[in-house]
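Chemist: I'm passing along query_31.tsv; it holds TSV, C-alpha atoms.
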chain	number	residue	atom	x	y	z
U	21	GLU	CA	1.97	-1.19	-23.64
U	22	ALA	CA	1.07	1.85	-21.53
U	23	GLY	CA	0.65	1.18	-17.83
U	24	VAL	CA	-1.90	2.44	-15.34
U	25	ALA	CA	-1.84	6.24	-15.20
U	26	GLN	CA	-2.67	8.27	-12.10
U	27	SER	CA	-2.80	11.95	-11.35
U	28	PRO	CA	-1.84	13.99	-9.52
U	29	ARG	CA	1.30	12.30	-8.16
U	30	TYR	CA	1.32	14.43	-5.03
U	31	LYS	CA	-1.32	16.44	-3.20
U	32	ILE	CA	-1.18	18.44	0.01
U	33	ILE	CA	-4.42	19.69	1.55
U	34	GLU	CA	-5.70	20.86	4.91
U	35	LYS	CA	-8.10	18.77	6.94
U	36	ARG	CA	-11.76	19.22	6.05
U	37	GLN	CA	-10.86	20.10	2.46
U	38	SER	CA	-11.86	17.96	-0.52
U	39	VAL	CA	-9.59	16.13	-2.93
U	40	ALA	CA	-10.01	13.97	-6.03
U	41	PHE	CA	-7.73	11.44	-7.68
U	42	TRP	CA	-7.90	10.21	-11.24
U	43	CYS	CA	-6.98	6.84	-12.72
U	44	ASN	CA	-6.75	5.61	-16.30
U	45	PRO	CA	-6.38	1.81	-16.42
U	46	ILE	CA	-4.60	-0.28	-19.03
U	47	SER	CA	-6.63	-0.38	-22.22
U	48	GLY	CA	-9.02	-3.32	-22.30
U	49	HIS	CA	-8.91	-4.00	-18.58
U	50	ALA	CA	-12.40	-4.51	-17.22
U	51	THR	CA	-11.54	-4.51	-13.51
U	52	LEU	CA	-10.28	-1.46	-11.67
U	53	TYR	CA	-9.20	-1.25	-8.04
U	54	TRP	CA	-8.46	1.58	-5.61
U	55	TYR	CA	-6.14	0.84	-2.70
U	56	GLN	CA	-5.03	2.92	0.28
U	57	GLN	CA	-1.44	2.40	1.45
U	58	ILE	CA	-0.53	3.97	4.76
U	59	LEU	CA	3.19	4.46	5.34
U	60	GLY	CA	4.84	1.22	6.45
U	61	GLN	CA	1.83	-0.96	5.61
U	62	GLY	CA	0.64	-3.04	2.71
U	63	PRO	CA	-2.05	-1.71	0.37
U	64	LYS	CA	-5.64	-2.10	1.53
U	65	LEU	CA	-8.45	-2.46	-1.00
U	66	LEU	CA	-10.98	0.37	-0.88
U	67	ILE	CA	-13.17	-0.43	-3.87
U	68	GLN	CA	-13.26	-2.73	-6.88
U	69	PHE	CA	-15.12	-2.08	-10.14
U	70	GLN	CA	-16.01	-4.58	-12.84
U	71	ASN	CA	-16.62	-2.37	-15.90
U	72	ASN	CA	-18.76	0.41	-14.40
U	73	GLY	CA	-20.30	-1.65	-11.59
U	74	VAL	CA	-19.08	-1.93	-8.01
U	75	VAL	CA	-17.96	-5.44	-7.01
U	76	ASP	CA	-16.61	-4.73	-3.52
U	77	ASP	CA	-16.68	-1.50	-1.52
U	78	SER	CA	-16.82	-3.06	1.94
U	79	GLN	CA	-13.66	-1.25	3.09
U	80	LEU	CA	-14.59	2.16	1.68
U	81	PRO	CA	-15.46	4.76	4.36
U	82	LYS	CA	-18.61	5.82	2.59
U	83	ASP	CA	-19.29	8.81	4.85
U	84	ARG	CA	-16.34	10.62	3.26
U	85	PHE	CA	-15.01	8.56	0.34
U	86	SER	CA	-16.71	8.11	-3.00
U	87	ALA	CA	-15.61	6.60	-6.29
U	88	GLU	CA	-17.04	6.30	-9.75
U	89	ARG	CA	-16.25	4.71	-13.07
U	90	LEU	CA	-19.03	6.07	-15.23
U	91	LYS	CA	-18.03	4.77	-18.66
U	92	GLY	CA	-16.21	1.67	-17.51
U	93	VAL	CA	-12.77	3.14	-18.26
U	94	ASP	CA	-11.39	6.05	-16.20
U	95	SER	CA	-12.16	6.34	-12.51
U	96	THR	CA	-12.09	9.05	-9.87
U	97	LEU	CA	-11.78	8.66	-6.11
U	98	LYS	CA	-12.90	11.55	-3.93
U	99	ILE	CA	-12.46	12.36	-0.26
U	100	GLN	CA	-14.75	14.95	1.29
U	101	PRO	CA	-13.95	16.13	3.92
U	102	ALA	CA	-10.40	14.87	4.46
U	103	LYS	CA	-9.07	13.87	7.86
U	104	LEU	CA	-5.49	13.68	9.09
U	105	GLU	CA	-5.61	9.88	9.04
U	106	ASP	CA	-6.33	9.92	5.30
U	107	SER	CA	-2.68	10.77	4.66
U	108	ALA	CA	-1.50	7.85	2.54
U	109	VAL	CA	-0.63	6.76	-0.97
U	110	TYR	CA	-3.70	5.99	-3.07
U	111	LEU	CA	-2.98	3.29	-5.62
U	112	CYS	CA	-5.04	2.40	-8.64
U	113	ALA	CA	-4.71	-1.01	-10.26
U	114	SER	CA	-6.38	-2.76	-13.17
U	115	SER	CA	-6.70	-6.30	-14.46
U	116	LEU	CA	-8.28	-8.02	-17.43
U	117	GLY	CA	-11.21	-8.99	-15.23
U	118	ILE	CA	-11.55	-12.65	-16.01
U	119	ARG	CA	-13.97	-13.64	-13.28
U	120	GLY	CA	-12.82	-16.62	-11.29
U	121	ALA	CA	-9.42	-16.68	-12.96
U	122	ARG	CA	-7.13	-16.76	-9.94
U	123	THR	CA	-4.18	-15.73	-12.11
U	124	ASP	CA	-5.81	-12.48	-13.27
U	125	THR	CA	-2.81	-10.25	-12.55
U	126	GLN	CA	-3.30	-6.76	-11.15
U	127	TYR	CA	-1.14	-3.99	-12.59
U	128	PHE	CA	-0.57	-0.99	-10.35
U	129	GLY	CA	-0.12	2.67	-11.14
U	130	PRO	CA	2.52	4.82	-9.38
U	131	GLY	CA	0.02	6.15	-6.84
U	132	THR	CA	-0.93	9.57	-5.51
U	133	ARG	CA	0.73	10.60	-2.28
U	134	LEU	CA	-1.77	12.56	-0.18
U	135	THR	CA	-0.72	14.64	2.81
U	136	VAL	CA	-3.46	16.08	5.03
U	137	LEU	CA	-2.30	18.88	7.34
I	12	GLY	CA	-10.60	-13.50	8.73
I	13	GLU	CA	-7.68	-13.85	6.40
I	14	SER	CA	-4.35	-12.34	7.24
I	15	VAL	CA	-0.82	-12.60	5.97
I	16	GLY	CA	2.20	-11.35	7.82
I	17	LEU	CA	5.93	-11.22	7.50
I	18	HIS	CA	8.51	-12.29	10.04
I	19	LEU	CA	10.93	-9.39	9.62
I	20	PRO	CA	10.18	-5.81	8.58
I	21	THR	CA	13.74	-5.22	7.31
I	22	LEU	CA	16.46	-7.35	5.77
I	23	SER	CA	19.98	-6.42	4.68
I	24	VAL	CA	22.04	-8.67	2.42
I	25	GLN	CA	25.36	-8.42	0.68
I	26	GLU	CA	25.29	-8.07	-3.08
I	27	GLY	CA	25.67	-11.50	-4.64
I	28	ASP	CA	24.27	-13.37	-1.64
I	29	ASN	CA	20.90	-15.10	-1.62
I	30	SER	CA	17.95	-13.42	0.10
I	31	ILE	CA	15.14	-15.18	1.91
I	32	ILE	CA	11.97	-13.31	2.84
I	33	ASN	CA	9.44	-15.13	4.98
I	34	CYS	CA	5.69	-14.86	5.34
I	35	ALA	CA	3.07	-16.57	7.49
I	36	TYR	CA	-0.65	-16.81	6.91
I	37	SER	CA	-3.50	-17.71	9.22
I	38	ASN	CA	-6.24	-19.23	7.08
I	39	SER	CA	-5.63	-22.91	6.37
I	40	ALA	CA	-8.13	-22.70	3.48
I	41	SER	CA	-5.99	-20.12	1.65
I	42	ASP	CA	-5.04	-21.53	-1.73
I	43	TYR	CA	-3.35	-18.84	-3.80
I	44	PHE	CA	-0.47	-16.55	-2.88
I	45	ILE	CA	1.38	-13.79	-4.70
I	46	TRP	CA	4.65	-11.99	-4.06
I	47	TYR	CA	4.92	-8.33	-5.04
I	48	LYS	CA	7.90	-5.99	-5.23
I	49	GLN	CA	7.44	-2.28	-4.55
I	50	GLU	CA	10.23	0.15	-5.37
I	51	SER	CA	10.29	3.63	-3.91
I	52	GLY	CA	7.73	5.89	-5.56
I	53	LYS	CA	6.14	3.08	-7.56
I	54	GLY	CA	3.19	0.76	-7.24
I	55	PRO	CA	3.58	-2.94	-6.36
I	56	GLN	CA	4.78	-5.17	-9.19
I	57	PHE	CA	3.88	-8.86	-9.54
I	58	ILE	CA	6.88	-11.16	-9.09
I	59	ILE	CA	5.62	-14.71	-8.78
I	60	ASP	CA	2.61	-16.66	-7.57
I	61	ILE	CA	1.91	-20.12	-6.21
I	62	ARG	CA	-1.16	-22.26	-5.75
I	63	SER	CA	-1.71	-24.48	-2.75
I	64	ASN	CA	-1.40	-27.63	-4.87
I	65	MET	CA	2.29	-26.80	-5.30
I	66	ASP	CA	5.06	-26.50	-2.72
I	67	LYS	CA	7.64	-24.82	-4.94
I	68	ARG	CA	7.68	-22.59	-7.97
I	69	GLN	CA	10.65	-21.03	-9.72
I	70	GLY	CA	11.03	-17.92	-11.82
I	71	GLN	CA	14.00	-15.96	-13.03
I	72	ARG	CA	16.31	-15.76	-9.98
I	73	VAL	CA	13.30	-16.16	-7.66
I	74	THR	CA	11.81	-19.20	-5.96
I	75	VAL	CA	8.72	-19.36	-3.80
I	76	LEU	CA	8.28	-22.17	-1.29
I	77	LEU	CA	4.96	-23.01	0.32
I	78	ASN	CA	4.63	-25.11	3.48
I	79	LYS	CA	0.95	-25.67	4.09
I	80	THR	CA	1.56	-27.67	7.25
I	81	VAL	CA	2.90	-24.66	9.12
I	82	LYS	CA	1.14	-22.07	6.93
I	83	HIS	CA	4.37	-20.45	5.81
I	84	LEU	CA	5.77	-19.28	2.52
I	85	SER	CA	9.07	-17.76	1.52
I	86	LEU	CA	10.57	-15.87	-1.37
I	87	GLN	CA	14.16	-16.67	-2.25
I	88	ILE	CA	16.15	-14.31	-4.47
I	89	ALA	CA	19.36	-15.75	-5.89
I	90	ALA	CA	22.48	-13.62	-6.34
I	91	THR	CA	20.84	-10.49	-4.96
I	92	GLN	CA	21.55	-7.32	-6.94
I	93	PRO	CA	21.25	-3.61	-6.02
I	94	GLY	CA	18.15	-3.43	-8.22
I	95	ASP	CA	16.45	-5.90	-5.89
I	96	SER	CA	16.34	-3.28	-3.12
I	97	ALA	CA	12.63	-2.71	-2.49
I	98	VAL	CA	9.75	-3.61	-0.18
I	99	TYR	CA	8.44	-7.13	-0.75
I	100	PHE	CA	4.86	-8.07	0.04
I	101	CYS	CA	3.33	-11.48	0.28
I	102	ALA	CA	-0.37	-11.44	-0.51
I	103	GLU	CA	-3.25	-13.86	-0.50
I	104	LYS	CA	-5.88	-13.90	-3.20
I	105	THR	CA	-9.16	-15.05	-1.72
I	106	SER	CA	-11.81	-17.12	-3.40
I	107	TYR	CA	-13.62	-13.82	-4.06
I	108	ASP	CA	-10.60	-12.56	-6.04
I	109	LYS	CA	-9.72	-10.07	-3.31
I	110	VAL	CA	-5.98	-9.55	-2.75
I	111	ILE	CA	-4.96	-9.13	0.90
I	112	PHE	CA	-1.47	-7.77	1.42
I	113	GLY	CA	0.85	-8.41	4.32
I	114	PRO	CA	2.83	-5.58	5.97
I	115	GLY	CA	5.99	-5.97	3.81
I	116	THR	CA	9.72	-6.56	4.26
I	117	SER	CA	12.17	-3.87	3.21
I	118	LEU	CA	15.18	-5.45	1.49
I	119	SER	CA	18.43	-3.46	1.37
I	120	VAL	CA	21.31	-4.70	-0.77
I	121	ILE	CA	24.77	-3.75	0.45
I	122	PRO	CA	27.21	-3.21	-2.44
Please express the file's structure as structure tokens.
Modeler:
Amino acid sequence: EAGVAQSPRYKIIEKRQSVAFWCNPISGHATLYWYQQILGQGPKLLIQFQNNGVVDDSQLPKDRFSAERLKGVDSTLKIQPAKLEDSAVYLCASSLGIRGARTDTQYFGPGTRLTVL
Amino acid sequence: GESVGLHLPTLSVQEGDNSIINCAYSNSASDYFIWYKQESGKGPQFIIDIRSNMDKRQGQRVTVLLNKTVKHLSLQIAATQPGDSAVYFCAEKTSYDKVIFGPGTSLSVIP
């Protein structure tokens, strides 16, 4: 079974530039998550989709971050404009999306390491 | 709000010894916990989970213990191997299906 795919794996940009990350979840997974992981910390949820609808985006800095999952499969996360503090690994995860099933396991991709100079 | 935290940011163990990684949580209503393993350059990987109606759960070479009285859980790895070197996160899954990660413990296995 193919895992969660993410691209690019690495990205270096200057502050105030824009950047986009792409995620392809495991086939058949209805729920997709974007996390931000700052060096030395645990992942922090940015946004959660159920199919193509947003379930939780309470931690997403909406003045500069946006995400979409138009057809309920692939997703993109964009930062515009980037700040120095956005340097982090951006992780995408997916799960079957069985609502209320506490054991609905999340499977993570390898992440995109973003460096903002 | 919810929070989970670990007692030690780093842990070194001799190959073949048992490892114990500890975690504390603050919300007494928390009822579902997950341990993840993250190797360098990879995303977190599910290891084992435990519900609050249990105080112990065992997997292959791993055991999770939950003490609800003191709001503490631990991950025990038996006969630690070099491949166990990674960062380990305890996480809480809230009633809204949101996973909240702790800061992580980096485990180093000494050959």
Chemist: I'd like the interatomic distance between atom CA of Leu76 of chain I and atom CA of Lys48 of chain I, to a tenth of an Å.
Modeler: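 These two atoms are separated by 16.7 Å.
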Chemist: Distance cut-off 8 Å, counting all atoms listed in the file - which residues of chain I neighbour chain U? Return them as a ChimeraX atom specification.
Modeler: /I:43,52-57,100,104,106-108,110-115
Chemist: I need the residue nearest Val120 of chain I from this list: I:Tyr36, I:Glu26, I:Ala102, I:Leu19. Use all atoms listed in the file for the distance.
Modeler: I:Glu26
Chemist: Find the residues near Ile121 of chain I: any atom within 7 Å, counting all atoms listed in the file, skip ones fewer than 6 places away on the same chain, and give them as a VMD selection string.
Modeler: chain I and resid 23 to 26
Chemist: Using all atoms listed in the file, determine which residues lie at most 10 Å from Asp60 of chain I, disregarding the query and same-chain residues fewer than 5 positions distant; provide the list as a list of chain:residue names.
Modeler: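 Counting all atoms listed in the file, the residues come to U:Thr123, U:Thr125, I:Tyr43, I:Phe44, I:Ile45, I:Trp46, I:Tyr47, I:Lys67, I:Arg68, I:Gln69, I:Gly70, I:Thr74, I:Val75, I:Cys101, I:Ala102, I:Glu103, I:Lys104.
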Chemist: Skipping near chain neighbours, those fewer than 6 positions away, what residues fall within 10 Å of Ala90 of chain I using all atoms listed in the file, listed as a ChimeraX atom specification?
Modeler: /I:25-30,72-73
Chemist: Please indicate the distance in Å from atom CA of Val15 of chain I to atom CA of Ala35 of chain I, rounded to one decimal place.
Modeler: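 It comes out at 5.8 Å.
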Chemist: Quick one, how far is atom CA of Thr135 of chain U from atom CA of Gly23 of chain U?
Modeler: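 About the pair atom CA of Thr135 of chain U and atom CA of Gly23 of chain U: they are 24.7 Å apart.
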Chemist: Emit as JSON the padded axis-aligned box for all listed atoms of segment 18-30 of chain I, 5 Å per side, with centre and edge lengths in Å to one decimal.
Modeler:
{"center_x": 17.1, "center_y": -10.2, "center_z": 2.7, "size_x": 27.2, "size_y": 19.9, "size_z": 24.7}
Chemist: Mind checking which residues fall within 8 Å of Leu137 of chain U, counting only C-alpha atoms, ignoring those fewer than 5 positions away in the same chain, and posting them as number ranges by chain?
Modeler: U: 32-35, 104
Chemist: Need the neighbours of (-10.8, -3.8, -10.4): which residues are at most 7 Å away, counting all atoms listed in the file, as a count of residues only?
Modeler: 9
